[in-house]
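Undergrad: One structure coming up, written as structure tokens, with questions to follow.
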Amino acid sequence: MNQIRISQSVIERIYEIPVEKIMRTDVVRVSPGAMMSELKYAVKENNYACIPVLEGEKLIGQISIEGYIDWLTSDLGDVPVSEIMDIKYKTLHPDEPVITAVKELELIGLRGLPVVENESEKFLGVICRCTMMEGVLAELDMNDKKEEQKDDCLFSNIQSSSALVTLSYIVKQKPLEYGGEISSSIRADLYKLGLPGSIVRRTAIAAYEAEMNLLSYAGGGLFTINLNEEILDMKIEDRGPGIPDVEKAMEPGYSTAPDWVRELGFGAGMGLQNIKNCSDNFKIESRIGEGTVLQVNINLEDK
């Protein structure tokens, strides 16, 4: 199968798209008392993604296409949805970046995931991998914003060559689904400093990937950004278990990714590799039992 080639700049912008912008809201929903035989057309209408099971507006379960097929091939007969629905399932929040949906769908191998409000679990829509590319491209087209002018940068009118801003962020251990808060803060702070959008996006992507790694493997860590008129230097350090084989972890093919993930412009092992792709200079040091330090440098001149 031929792979779609998407430029790095487009991939960078995909990270800024929240789930709510491309989720489907016109999906068929069912009640727990509905009969499984009634789902025949719902499965097709939802593009073979999940069928949400609601009590009022609250999501209480879902029927995946895999679960529906299992029921069809069983000898259970026609039973209420409540007897078949999954009650342990992954959900997405509307403000999570689309890349989170890509990773989750790759990880669990399903065709879609429900989107719910952060606290109330109110059902909002479904992220369907079969329509994800269409939604991403439409959103990119709608939000083709002009880049911020470099003249607006904090350092533009400063003559001293030693002008320096230091930003620090602590990543505390929390559920992975709430990851991305620090990278969002970094993005917002760099925009406030007047850095060009291309620089902000590259930094935010590297920060997002590093933050998710900290939460997944290290139990948290520390970001330190030193910024002057020439370079943005971001250091990410943790006291986690360390990486046994750094060279192996950096290989694009370190793990496998399905075609639909690659068609969105992402490949396997995209965490460390995407950090490197967003850097002008990248360095990683890791010691087993002591932790890992990433050094990300992004040149600000002529950007």
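Identifiers for the structure tokens are assigned positionally: chains receive A, B, ... in sequence, residues are indexed from 1 per chain, and ligands are indexed from 1 in the order shown.
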Name the residues in contact with region 109-124 of chain A at a cut-off of 6 Å, using only C-alpha atoms, excluding same-chain residues fewer than 3 positions from it; report them as a VMD selection string.
TA: chain A and resid 49 to 50 57 to 59 91 to 93 105 to 106 127 to 129
Undergrad: Which residue out of A:Ile63, A:Val165, A:Val171, A:Ala206 has the minimum interatomic distance to Arg187 (chain A) when only C-alpha atoms are used?
TA: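 Comparing A:Ile63, A:Val165, A:Val171, A:Ala206 against Arg187 (chain A), the winner is A:Ala206.
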Undergrad: Please extract the residues of region 46-202 of chain A with a backbone DSSP assignment of strand (DSSP E) and present them as a VMD selection string.
TA: chain A and resid 51 to 55 58 to 63 112 to 116 123 to 128 165 to 172
Undergrad: Between CA of Leu72 (chain A) and CA of Gly56 (chain A), measure the distance and give it in Å to one decimal.
TA: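 So the two atoms, CA of Leu72 (chain A) and CA of Gly56 (chain A), lie 27.1 Å apart.
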Undergrad: Residues of region 53-261 of chain A in alpha helix (DSSP H) according to DSSP, as an NGL selection string?
TA: :A and (65-72 or 98-108 or 132-142 or 181-192 or 197-213 or 246-249 or 259-261)
Undergrad: Pick out the residues sitting within 6 Å of region 241-243 of chain A, and hand them over as a list in words; count only C-alpha atoms, and ignore anything fewer than 3 positions along from it in its own chain.
TA: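 Contacts, in chain order: Val246, Ser286, Arg287, Ile288, Gly289, Gly291 and Thr292 of chain A.
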Undergrad: Just want the 10 Å neighbourhood of Leu214 (chain A), counted on only C-alpha atoms, with same-chain residues fewer than 4 positions away dropped. Output as a list in words.
TA: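 Result of the neighbour search: Val171, Lys172, Gln173, Leu176, Gly179, Tyr208, Glu209, Ala210, Ala218, Gly219, Gly220, Gly221, Leu222, Ile236, Glu237, Asp238, Arg239, Gly240 and Thr292 of chain A.
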Undergrad: How would the residues just picked look written out with C-alpha atoms as a compact mmCIF listing (two decimals), in the first residue's frame?
TA:
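Result file out-v9.txt:
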# COMPACT_ATOMS: atom_id res chain seq x y z
CA VAL A 171 5.66 17.17 35.65
CA LYS A 172 3.92 15.37 38.50
CA GLN A 173 2.72 11.79 38.22
CA LEU A 176 -1.81 9.32 31.30
CA GLY A 179 -1.05 14.24 29.94
CA TYR A 208 4.29 16.76 24.50
CA GLU A 209 6.15 13.60 23.49
CA ALA A 210 8.62 14.02 26.35
CA ALA A 218 9.44 7.79 34.78
CA GLY A 219 6.76 8.94 37.21
CA GLY A 220 7.27 12.59 36.32
CA GLY A 221 10.20 14.91 35.76
CA LEU A 222 11.36 18.44 35.09
CA ILE A 236 13.92 17.33 30.10
CA GLU A 237 15.17 15.23 32.99
CA ASP A 238 13.77 12.43 35.09
CA ARG A 239 14.84 9.92 37.73
CA GLY A 240 13.10 6.98 36.13
CA THR A 292 17.22 10.06 31.45
Undergrad: Of the candidates A:Ile60, A:Met85, A:Met132, A:Val126, which one gets nearest to Val28 (chain A) if we count only C-alpha atoms?
TA: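 Ranking A:Ile60, A:Met85, A:Met132, A:Val126 by distance to Val28 (chain A), first place goes to A:Val126.
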Undergrad: How many Å separate CA of Glu251 (chain A) from CA of Lys276 (chain A)?
TA: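 Computing it gives 11.2 Å between the two atoms.
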Undergrad: Between A:Gly197, A:Pro80, A:Pro52, A:Pro18, which is the closest to Gly180 (chain A) once you count only C-alpha atoms?
TA: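 Using only C-alpha atoms, Gly180 (chain A) sits closest to A:Pro18.
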